[in-house]
file upload33.cif (mmCIF, C-alpha atoms (C1' of nucleotides))
data_input
loop_
_atom_site.label_atom_id
_atom_site.label_comp_id
_atom_site.auth_asym_id
_atom_site.auth_seq_id
_atom_site.Cartn_x
_atom_site.Cartn_y
_atom_site.Cartn_z
CA MET A 16 0.00 0.00 0.00
CA ASP A 17 2.27 2.64 1.41
CA LYS A 18 5.70 3.27 -0.05
CA TYR A 19 6.99 3.44 3.51
CA ASP A 20 5.65 0.04 4.55
CA ALA A 21 9.17 -1.37 4.76
CA LEU A 22 9.84 1.08 7.59
CA LYS A 23 7.01 -0.07 9.81
CA LEU A 24 8.11 -1.56 13.10
CA GLU A 25 5.87 -4.57 12.62
CA ASN A 26 7.55 -5.39 9.31
CA GLN A 27 11.00 -5.69 10.87
CA LEU A 28 12.65 -8.93 11.90
CA CYS A 29 15.35 -7.10 13.82
CA PHE A 30 12.93 -5.53 16.26
CA PRO A 31 11.37 -8.63 17.86
CA LEU A 32 14.87 -10.06 17.99
CA TYR A 33 16.13 -7.02 19.84
CA ALA A 34 13.08 -6.79 22.11
CA CYS A 35 13.09 -10.52 22.88
CA SER A 36 16.74 -10.53 23.76
CA LYS A 37 16.22 -7.75 26.27
CA ALA A 38 13.05 -9.35 27.64
CA VAL A 39 14.81 -12.67 28.21
CA ILE A 40 17.75 -10.99 29.93
CA ARG A 41 15.31 -9.07 32.11
CA SER A 42 13.65 -12.36 33.06
CA TYR A 43 16.96 -13.75 34.22
CA LYS A 44 17.56 -10.84 36.54
CA PRO A 45 15.76 -12.13 39.67
CA PHE A 46 17.61 -15.44 39.49
CA LEU A 47 20.97 -13.87 38.72
CA ASP A 48 20.54 -11.33 41.49
CA GLU A 49 20.77 -14.22 43.94
CA LEU A 50 24.21 -14.99 42.52
CA GLU A 51 25.18 -11.32 42.34
CA LEU A 52 25.82 -11.69 38.62
CA THR A 53 24.61 -9.66 35.69
CA TYR A 54 23.59 -11.53 32.56
CA THR A 55 26.85 -10.82 30.74
CA GLN A 56 28.85 -11.88 33.79
CA TYR A 57 26.76 -15.06 33.92
CA ILE A 58 27.59 -16.13 30.37
CA ALA A 59 31.23 -15.24 30.95
CA MET A 60 31.21 -17.49 34.03
CA MET A 61 29.63 -20.26 31.93
CA VAL A 62 32.67 -20.31 29.70
CA LEU A 63 35.04 -20.01 32.64
CA TRP A 64 33.39 -22.89 34.53
CA GLU A 65 33.98 -25.05 31.47
CA LYS A 66 37.47 -23.92 30.49
CA LYS A 67 38.85 -23.18 33.98
CA SER A 68 41.43 -20.85 32.44
CA ILE A 69 41.25 -18.88 29.22
CA SER A 70 42.65 -15.75 27.60
CA VAL A 71 40.58 -12.59 27.22
CA LYS A 72 40.76 -12.94 23.46
CA GLU A 73 39.45 -16.51 23.46
CA LEU A 74 36.71 -15.62 25.91
CA GLY A 75 35.70 -12.78 23.62
CA GLU A 76 35.49 -15.18 20.68
CA TYR A 77 33.09 -17.44 22.56
CA LEU A 78 30.91 -14.55 23.68
CA TYR A 79 31.23 -12.30 20.62
CA LEU A 80 32.51 -9.55 22.90
CA ASP A 81 35.67 -7.45 22.76
CA SER A 82 38.10 -6.30 25.43
CA GLY A 83 36.32 -2.99 25.82
CA THR A 84 33.43 -4.91 27.29
CA LEU A 85 35.34 -7.75 28.90
CA THR A 86 38.14 -5.89 30.68
CA PRO A 87 35.90 -3.97 33.10
CA LEU A 88 33.55 -6.94 33.44
CA LEU A 89 36.40 -9.26 34.40
CA LYS A 90 37.75 -6.71 36.86
CA THR A 91 34.34 -6.69 38.53
CA LEU A 92 34.32 -10.47 38.70
CA GLU A 93 37.82 -10.33 40.16
CA LYS A 94 36.64 -7.89 42.86
CA LYS A 95 33.88 -10.39 43.71
CA ASN A 96 36.58 -13.07 43.96
CA TYR A 97 35.06 -15.29 41.29
CA VAL A 98 38.03 -15.04 38.91
CA LYS A 99 41.75 -14.33 38.91
CA ARG A 100 43.53 -12.32 36.18
CA GLU A 101 47.22 -12.79 35.40
CA ARG A 102 49.53 -12.36 32.46
CA SER A 103 50.82 -15.45 30.75
CA SER A 104 54.52 -16.03 31.37
CA GLU A 105 55.07 -17.36 27.85
CA ASP A 106 53.53 -14.33 26.19
CA GLU A 107 53.19 -11.24 28.32
CA ARG A 108 50.58 -9.78 25.98
CA VAL A 109 48.15 -12.52 26.92
CA LEU A 110 46.02 -12.15 30.02
CA LYS A 111 44.78 -15.44 31.42
CA VAL A 112 41.51 -15.45 33.33
CA SER A 113 40.82 -18.39 35.65
CA VAL A 114 38.09 -19.35 38.09
CA THR A 115 38.80 -19.15 41.81
CA ASP A 116 37.51 -21.58 44.46
CA GLN A 117 34.74 -19.08 45.23
CA GLY A 118 33.89 -19.07 41.54
CA ILE A 119 33.71 -22.85 41.47
CA LYS A 120 31.38 -22.85 44.48
CA LEU A 121 29.08 -20.46 42.65
CA ARG A 122 28.55 -23.08 39.97
CA ASP A 123 26.47 -25.24 42.30
CA LYS A 124 24.08 -22.37 42.92
CA ALA A 125 24.02 -21.39 39.26
CA VAL A 126 23.11 -24.87 38.08
CA GLU A 127 19.53 -24.23 39.25
CA VAL A 128 19.10 -21.17 37.07
CA PRO A 129 18.44 -22.76 33.64
CA ALA A 130 15.53 -24.84 34.97
CA LYS A 131 14.04 -21.82 36.74
CA MET A 132 14.30 -19.81 33.54
CA GLY A 133 12.87 -22.62 31.44
CA SER A 134 9.61 -22.38 33.32
CA CYS A 135 9.29 -18.69 32.39
CA ILE A 136 9.49 -19.27 28.68
CA GLY A 137 6.15 -19.50 26.92
CA ILE A 138 7.14 -21.63 23.94
CA ASP A 139 7.26 -25.41 23.71
CA GLY A 140 10.25 -27.65 23.13
CA GLU A 141 9.74 -27.96 19.41
CA GLU A 142 9.54 -24.23 18.88
CA ALA A 143 12.54 -23.73 21.11
CA GLN A 144 14.45 -26.22 18.96
CA ALA A 145 13.43 -24.45 15.78
CA LEU A 146 14.30 -21.06 17.25
CA TYR A 147 17.69 -22.33 18.39
CA LYS A 148 18.48 -23.67 14.95
CA ILE A 149 17.46 -20.57 13.01
CA LEU A 150 19.30 -18.27 15.42
CA TYR A 151 22.56 -20.15 15.01
CA LYS A 152 22.14 -20.13 11.26
CA LEU A 153 21.55 -16.41 11.30
CA LEU A 154 24.46 -15.87 13.65
CA GLY A 155 26.72 -17.87 11.37
CA SER A 156 25.66 -15.85 8.35
CA LEU A 157 26.22 -12.47 10.01
CA ASP A 158 29.31 -13.21 12.02
CA ASN A 159 32.81 -12.33 10.69
CA MET B 6 26.66 -36.75 31.17
CA ASP B 7 27.79 -33.94 33.35
CA LYS B 8 25.65 -32.54 36.14
CA TYR B 9 26.61 -29.09 34.89
CA ASP B 10 25.45 -29.66 31.29
CA ALA B 11 22.61 -27.19 31.77
CA LEU B 12 25.19 -24.46 32.27
CA LYS B 13 26.97 -24.97 28.97
CA LEU B 14 26.78 -22.02 26.62
CA GLU B 15 25.71 -24.24 23.71
CA ASN B 16 22.73 -25.51 25.70
CA GLN B 17 21.28 -22.03 26.20
CA LEU B 18 18.54 -20.51 24.10
CA CYS B 19 19.19 -17.08 25.56
CA PHE B 20 22.72 -16.85 24.25
CA PRO B 21 22.14 -17.11 20.48
CA LEU B 22 19.23 -14.74 20.96
CA TYR B 23 21.48 -12.22 22.69
CA ALA B 24 24.36 -12.72 20.25
CA CYS B 25 22.09 -12.56 17.19
CA SER B 26 20.43 -9.41 18.35
CA LYS B 27 23.78 -7.69 18.71
CA ALA B 28 25.06 -9.10 15.41
CA VAL B 29 22.03 -7.81 13.53
CA ILE B 30 22.33 -4.37 15.11
CA ARG B 31 26.01 -4.33 14.19
CA SER B 32 25.08 -5.16 10.59
CA TYR B 33 22.77 -2.16 10.46
CA LYS B 34 25.51 0.19 11.53
CA PRO B 35 27.04 1.01 8.10
CA PHE B 36 23.60 1.82 6.68
CA LEU B 37 22.48 3.80 9.71
CA ASP B 38 25.74 5.72 9.82
CA GLU B 39 24.70 7.33 6.55
CA LEU B 40 21.59 8.65 8.31
CA GLU B 41 23.53 9.58 11.45
CA LEU B 42 21.25 7.35 13.51
CA THR B 43 22.01 4.63 16.01
CA TYR B 44 19.87 1.51 15.91
CA THR B 45 17.72 2.58 18.85
CA GLN B 46 17.25 6.03 17.34
CA TYR B 47 16.26 4.33 14.08
CA ILE B 48 13.46 2.27 15.60
CA ALA B 49 12.29 5.33 17.55
CA MET B 50 12.12 7.26 14.26
CA MET B 51 10.15 4.38 12.72
CA VAL B 52 7.40 4.90 15.26
CA LEU B 53 7.59 8.68 14.91
CA TRP B 54 7.36 8.57 11.11
CA GLU B 55 4.17 6.58 11.49
CA LYS B 56 2.55 8.45 14.36
CA LYS B 57 3.87 11.97 13.61
CA SER B 58 3.33 12.94 17.27
CA ILE B 59 3.33 10.71 20.32
CA SER B 60 3.97 10.88 24.07
CA VAL B 61 7.17 9.50 25.58
CA LYS B 62 5.13 6.93 27.46
CA GLU B 63 3.40 5.63 24.33
CA LEU B 64 6.66 5.54 22.43
CA GLY B 65 8.17 3.52 25.26
CA GLU B 66 5.30 1.04 25.03
CA TYR B 67 5.94 0.46 21.35
CA LEU B 68 9.67 0.03 21.83
CA TYR B 69 9.68 -1.69 25.24
CA LEU B 70 11.89 1.11 26.56
CA ASP B 71 11.51 3.39 29.56
CA SER B 72 12.10 7.10 30.00
CA GLY B 73 15.56 6.50 31.40
CA THR B 74 16.55 5.34 27.94
CA LEU B 75 14.25 7.52 25.88
CA THR B 76 14.78 10.91 27.49
CA PRO B 77 18.47 11.25 26.54
CA LEU B 78 17.88 9.56 23.19
CA LEU B 79 15.09 11.98 22.27
CA LYS B 80 17.20 14.93 23.38
CA THR B 81 19.89 13.75 20.97
CA LEU B 82 17.35 13.46 18.15
CA GLU B 83 16.15 16.94 19.02
CA LYS B 84 19.72 18.27 18.77
CA LYS B 85 19.91 16.72 15.30
CA ASN B 86 16.66 18.51 14.45
CA TYR B 87 14.79 15.32 13.64
CA VAL B 88 12.21 15.73 16.42
CA LYS B 89 10.60 18.40 18.59
CA ARG B 90 9.75 17.91 22.29
CA GLU B 91 7.00 19.90 24.00
CA ARG B 92 4.63 19.53 26.92
CA SER B 93 1.00 18.88 26.17
CA SER B 94 -1.21 21.85 27.02
CA GLU B 95 -4.05 19.61 28.22
CA ASP B 96 -1.88 17.68 30.65
CA GLU B 97 1.41 19.26 31.55
CA ARG B 98 2.83 15.92 32.70
CA VAL B 99 2.74 14.60 29.15
CA LEU B 100 5.64 15.34 26.82
CA LYS B 101 4.73 15.11 23.15
CA VAL B 102 7.43 14.17 20.68
CA SER B 103 6.85 15.03 17.03
CA VAL B 104 8.82 14.75 13.80
CA THR B 105 10.22 17.92 12.25
CA ASP B 106 10.46 18.63 8.51
CA GLN B 107 14.08 17.50 8.64
CA GLY B 108 12.91 14.29 10.27
CA ILE B 109 10.35 13.72 7.54
CA LYS B 110 13.03 14.22 4.87
CA LEU B 111 15.14 11.57 6.52
CA ARG B 112 12.40 9.03 5.88
CA ASP B 113 13.11 9.01 2.15
CA LYS B 114 16.72 8.09 2.79
CA ALA B 115 15.80 5.53 5.46
CA VAL B 116 13.35 3.70 3.21
CA GLU B 117 16.31 2.09 1.42
CA VAL B 118 17.69 0.56 4.61
CA PRO B 119 15.40 -2.48 5.04
CA ALA B 120 16.18 -3.78 1.56
CA LYS B 121 19.92 -3.27 2.05
CA MET B 122 19.74 -5.13 5.35
CA GLY B 123 17.63 -7.91 3.87
CA SER B 124 20.46 -8.84 1.55
CA CYS B 125 22.80 -9.33 4.53
CA ILE B 126 20.61 -11.89 6.23
CA GLY B 127 21.52 -15.49 5.53
CA ILE B 128 18.15 -17.15 6.09
CA ASP B 129 15.37 -17.63 3.58
CA GLY B 130 11.88 -16.18 3.66
CA GLU B 131 10.28 -19.21 5.23
CA GLU B 132 12.75 -19.32 8.07
CA ALA B 133 12.43 -15.59 8.56
CA GLN B 134 8.65 -16.04 8.80
CA ALA B 135 9.03 -18.82 11.36
CA LEU B 136 11.55 -16.80 13.34
CA TYR B 137 9.29 -13.77 13.34
CA LYS B 138 6.36 -15.80 14.61
CA ILE B 139 8.23 -17.55 17.41
CA LEU B 140 9.90 -14.33 18.55
CA TYR B 141 6.58 -12.52 18.90
CA LYS B 142 5.12 -15.49 20.77
CA LEU B 143 8.09 -15.48 23.13
CA LEU B 144 7.89 -11.73 23.53
CA GLY B 145 4.20 -11.99 24.38
CA SER B 146 4.84 -14.65 26.97
CA LEU B 147 7.62 -12.74 28.73
CA ASP B 148 6.25 -9.25 28.51
CA ASN B 149 4.14 -7.84 31.36
"C1'" DT C 8 70.75 -8.35 14.46
"C1'" DC C 9 67.40 -5.05 13.83
"C1'" DC C 10 63.27 -3.21 12.36
"C1'" DA C 11 58.56 -3.40 10.58
"C1'" DA C 12 54.34 -5.75 11.20
"C1'" DA C 13 51.17 -8.25 13.87
"C1'" DT C 14 49.01 -9.57 18.17
"C1'" DT C 15 46.84 -8.69 22.46
"C1'" DA C 16 44.83 -5.94 26.21
"C1'" DA C 17 43.76 -1.71 28.16
"C1'" DT C 18 41.83 2.80 27.82
"C1'" DT C 19 38.67 6.34 26.32
"C1'" DG C 20 34.44 8.09 24.89
"C1'" DC C 21 29.74 7.80 23.44
"C1'" DG C 22 25.28 5.71 23.51
"C1'" DT C 23 22.21 2.81 25.24
"C1'" DA C 24 19.49 -0.22 29.07
"C1'" DC C 25 17.26 -0.14 33.16
"C1'" DA C 26 16.43 0.03 38.29
"C1'" DA C 27 15.49 3.32 41.66
"C1'" DT C 28 14.28 7.67 43.13
"C1'" DC C 29 12.35 12.20 42.71
"C1'" DA C 30 9.27 15.93 41.51
"C1'" DA C 31 5.48 17.93 39.33
"C1'" DA C 32 0.87 17.74 38.00
"C1'" DG C 33 -3.62 15.92 37.88
"C1'" DA C 34 -7.51 12.89 39.67
"C1'" DA C 35 -10.31 11.01 43.24
"C1'" DA C 36 -12.22 10.62 47.63
"C1'" DT C 37 -14.31 12.14 51.61
"C1'" DA D 6 -10.73 22.24 50.05
"C1'" DT D 7 -7.51 18.97 51.68
"C1'" DT D 8 -5.37 14.86 51.46
"C1'" DT D 9 -3.99 10.89 49.08
"C1'" DC D 10 -3.04 8.34 45.07
"C1'" DT D 11 -1.71 8.02 40.37
"C1'" DT D 12 0.54 9.32 36.24
"C1'" DT D 13 4.37 10.95 33.78
"C1'" DG D 14 9.09 12.34 32.82
"C1'" DA D 15 13.57 13.49 34.49
"C1'" DT D 16 17.57 12.24 37.03
"C1'" DT D 17 21.10 9.28 38.95
"C1'" DG D 18 23.99 5.41 39.07
"C1'" DT D 19 25.68 1.01 37.38
"C1'" DA D 20 26.72 -1.96 33.58
"C1'" DC D 21 27.25 -3.06 29.18
"C1'" DG D 22 28.59 -2.68 23.79
"C1'" DC D 23 31.72 -1.21 20.70
"C1'" DA D 24 34.70 1.88 17.80
"C1'" DA D 25 39.03 3.96 17.97
"C1'" DT D 26 43.35 4.66 19.93
"C1'" DT D 27 47.35 3.41 22.58
"C1'" DA D 28 50.93 0.53 24.61
"C1'" DA D 29 53.47 -3.49 25.29
"C1'" DT D 30 55.23 -7.51 23.43
"C1'" DT D 31 56.30 -10.89 20.15
"C1'" DT D 32 57.17 -12.47 15.53
"C1'" DG D 33 59.04 -12.53 10.97
"C1'" DG D 34 61.71 -11.16 7.66
"C1'" DA D 35 65.90 -8.74 5.25
#
call {"tool": "encode", "arguments": {"input": "upload33.cif", "output": "structure tokens"}}
result
Amino acid sequence: MDKYDALKLENQLCFPLYACSKAVIRSYKPFLDELELTYTQYIAMMVLWEKKSISVKELGEYLYLDSGTLTPLLKTLEKKNYVKRERSSEDERVLKVSVTDQGIKLRDKAVEVPAKMGSCIGIDGEEAQALYKILYKLLGSLDN
Amino acid sequence: MDKYDALKLENQLCFPLYACSKAVIRSYKPFLDELELTYTQYIAMMVLWEKKSISVKELGEYLYLDSGTLTPLLKTLEKKNYVKRERSSEDERVLKVSVTDQGIKLRDKAVEVPAKMGSCIGIDGEEAQALYKILYKLLGSLDN
DNA sequence: TCCAAATTAATTGCGTACAATCAAAGAAAT
DNA sequence: ATTTCTTTGATTGTACGCAATTAATTTGGA
């Protein structure tokens, strides 16, 4: 009809993506507050729990985040005693981030979070599967 | 296998959602730079182009954003002469935002953006449709 | 060996996000 | 009319996101 139809909010794919992402992160907040973690800190801890020790660069590759975001975030996690930051002795440019004992303890509390969140989400398993698949495809096509 | 499987990044639905949202916004940047708009300013302008004049509260309802985000953003758009901000005479609490002539001109440049973006997205129409539908369902279930 | 290029974080600066609080204005009730 | 409640934005403070720049270090030639 209208030559400006393409600019209507309801005709965008980006907008529900953007709004959903924020809505989901908002839904995590009450659970993450109990762990004193923000959402971004939570996903950073996820990688750290798995890898135990990792460079800032590698961590950024997993999370699609750069040092401008990660440096202050990791300093905050260090203040909370969840991680330790130290330069690699082989290559002084590399900063290795590793989980502390406190950080490891946190994992047992955190393991409850995904189930709690799952019950907030109003789509069924099949849709979640489909969503997951399309999102990773889209991510793969945009990333680089 | 592992009792901590639920905490793996690849088992989260939230993460690709979060990463995709940022990746898409990043992809818009080169096109929006030409209009001197950020992504959030762009979607705010979308609503304003449609509605011509709207209160901050209503705008926030469309965008799922609060005044803490919108007030500084709208002041920036006002500095760029794309919008005008003035109190309603009927109810002084209400601040009406309206598009200026400059703002209306911008629409003709912006109308090219959705097509340009479309060609960046690596999923087909059917998948995009499915994604759109699931995202709005999820958004509806979380929002309140 | 020495120097240019590349790698890796840190820093800076701007623009969101959003919770929490505040203040002003209007509405509603007795 | 006075008080109370509600609505609406603005403000403040914390935490991202990310581009751009800088600094330190290592690597890879000539």
call {"tool": "residues_around", "arguments": {"input": "upload33.cif", "residues": "DA28 (chain D)", "least_positions_apart": "6", "cutoff": "10 Å", "atoms": "only C-alpha atoms (C1' of nucleotides)", "output": "VMD selection string"}}
result
chain C and resid 16 to 18
call {"tool": "write_last_selection", "arguments": {"input": "upload33.cif", "atoms": "C-alpha atoms (C1' of nucleotides)", "output": "PDB file, in the frame of the given file"}}
result
ATOM      1  C1'  DA C  16      44.830  -5.940  26.210  1.00  0.00           C
ATOM      2  C1'  DA C  17      43.760  -1.710  28.160  1.00  0.00           C
ATOM      3  C1'  DT C  18      41.830   2.800  27.820  1.00  0.00           C
TER       4       DT C  18
END
call {"tool": "closest_atom_pairs", "arguments": {"input": "upload33.cif", "of": "chain B", "to": "chain C", "cutoff": "9 Å", "atoms": "only C-alpha atoms (C1' of nucleotides)", "output": "CSV"}}
result
residue,atom,partner,partner_atom,distance
B:Thr43,CA,C:DG22,C1',8.3
B:Thr45,CA,C:DT23,C1',7.8
B:Leu70,CA,C:DA24,C1',8.1
B:Asp71,CA,C:DC25,C1',7.6
B:Gly73,CA,C:DC25,C1',7.1
B:Thr74,CA,C:DA24,C1',6.4
B:Leu78,CA,C:DT23,C1',8.3
B:Asp96,CA,C:DG33,C1',7.6
B:Glu97,CA,C:DA32,C1',6.6
B:Arg98,CA,C:DA32,C1',5.9
call {"tool": "interface_residues", "arguments": {"input": "upload33.cif", "of": "chain A", "to": "chain B", "cutoff": "9 Å", "atoms": "all atoms listed in the file", "output": "mmCIF file with C-alpha atoms, keeping the file's coordinate frame"}}
result
data_model
loop_
_atom_site.group_PDB
_atom_site.id
_atom_site.type_symbol
_atom_site.label_atom_id
_atom_site.label_comp_id
_atom_site.auth_asym_id
_atom_site.auth_seq_id
_atom_site.Cartn_x
_atom_site.Cartn_y
_atom_site.Cartn_z
ATOM 1 C CA LYS A 18 5.700 3.270 -0.050
ATOM 2 C CA TYR A 19 6.990 3.440 3.510
ATOM 3 C CA ASP A 20 5.650 0.040 4.550
ATOM 4 C CA ALA A 21 9.170 -1.370 4.760
ATOM 5 C CA LEU A 22 9.840 1.080 7.590
ATOM 6 C CA LYS A 23 7.010 -0.070 9.810
ATOM 7 C CA LEU A 24 8.110 -1.560 13.100
ATOM 8 C CA GLN A 27 11.000 -5.690 10.870
ATOM 9 C CA LEU A 28 12.650 -8.930 11.900
ATOM 10 C CA CYS A 29 15.350 -7.100 13.820
ATOM 11 C CA PHE A 30 12.930 -5.530 16.260
ATOM 12 C CA PRO A 31 11.370 -8.630 17.860
ATOM 13 C CA LEU A 32 14.870 -10.060 17.990
ATOM 14 C CA TYR A 33 16.130 -7.020 19.840
ATOM 15 C CA ALA A 34 13.080 -6.790 22.110
ATOM 16 C CA CYS A 35 13.090 -10.520 22.880
ATOM 17 C CA SER A 36 16.740 -10.530 23.760
ATOM 18 C CA LYS A 37 16.220 -7.750 26.270
ATOM 19 C CA ALA A 38 13.050 -9.350 27.640
ATOM 20 C CA VAL A 39 14.810 -12.670 28.210
ATOM 21 C CA ILE A 40 17.750 -10.990 29.930
ATOM 22 C CA SER A 42 13.650 -12.360 33.060
ATOM 23 C CA ILE A 58 27.590 -16.130 30.370
ATOM 24 C CA MET A 61 29.630 -20.260 31.930
ATOM 25 C CA VAL A 62 32.670 -20.310 29.700
ATOM 26 C CA TRP A 64 33.390 -22.890 34.530
ATOM 27 C CA GLU A 65 33.980 -25.050 31.470
ATOM 28 C CA TYR A 77 33.090 -17.440 22.560
ATOM 29 C CA LEU A 78 30.910 -14.550 23.680
ATOM 30 C CA TYR A 79 31.230 -12.300 20.620
ATOM 31 C CA ARG A 122 28.550 -23.080 39.970
ATOM 32 C CA ASP A 123 26.470 -25.240 42.300
ATOM 33 C CA ALA A 125 24.020 -21.390 39.260
ATOM 34 C CA VAL A 126 23.110 -24.870 38.080
ATOM 35 C CA GLU A 127 19.530 -24.230 39.250
ATOM 36 C CA VAL A 128 19.100 -21.170 37.070
ATOM 37 C CA PRO A 129 18.440 -22.760 33.640
ATOM 38 C CA ALA A 130 15.530 -24.840 34.970
ATOM 39 C CA CYS A 135 9.290 -18.690 32.390
ATOM 40 C CA ILE A 136 9.490 -19.270 28.680
ATOM 41 C CA GLY A 137 6.150 -19.500 26.920
ATOM 42 C CA ILE A 138 7.140 -21.630 23.940
ATOM 43 C CA GLU A 142 9.540 -24.230 18.880
ATOM 44 C CA ALA A 143 12.540 -23.730 21.110
ATOM 45 C CA GLN A 144 14.450 -26.220 18.960
ATOM 46 C CA ALA A 145 13.430 -24.450 15.780
ATOM 47 C CA LEU A 146 14.300 -21.060 17.250
ATOM 48 C CA TYR A 147 17.690 -22.330 18.390
ATOM 49 C CA ILE A 149 17.460 -20.570 13.010
ATOM 50 C CA LEU A 150 19.300 -18.270 15.420
ATOM 51 C CA TYR A 151 22.560 -20.150 15.010
ATOM 52 C CA LYS A 152 22.140 -20.130 11.260
ATOM 53 C CA LEU A 153 21.550 -16.410 11.300
ATOM 54 C CA LEU A 154 24.460 -15.870 13.650
ATOM 55 C CA GLY A 155 26.720 -17.870 11.370
ATOM 56 C CA SER A 156 25.660 -15.850 8.350
ATOM 57 C CA LEU A 157 26.220 -12.470 10.010
ATOM 58 C CA ASP A 158 29.310 -13.210 12.020
#
call {"tool": "closest_atom_pairs", "arguments": {"input": "upload33.cif", "of": "chain D", "to": "chain A", "cutoff": "7 Å", "atoms": "all atoms listed in the file", "output": "CSV"}}
result
residue,atom,partner,partner_atom,distance
D:DC21,C1',A:Thr84,CA,6.7
D:DG22,C1',A:Thr84,CA,6.4
D:DA29,C1',A:Arg108,CA,7.0
D:DT30,C1',A:Arg108,CA,5.8
call {"tool": "atom_distance", "arguments": {"input": "upload33.cif", "atom1": "CA of Gln107 (chain B)", "atom2": "CA of Tyr87 (chain B)"}}
result
5.5 Å
call {"tool": "atom_distance", "arguments": {"input": "upload33.cif", "atom1": "C1' of DC10 (chain D)", "atom2": "CA of Leu100 (chain B)"}}
result
21.4 Å
call {"tool": "atom_distance", "arguments": {"input": "upload33.cif", "atom1": "CA of Thr105 (chain B)", "atom2": "CA of Leu53 (chain B)"}}
result
10.0 Å
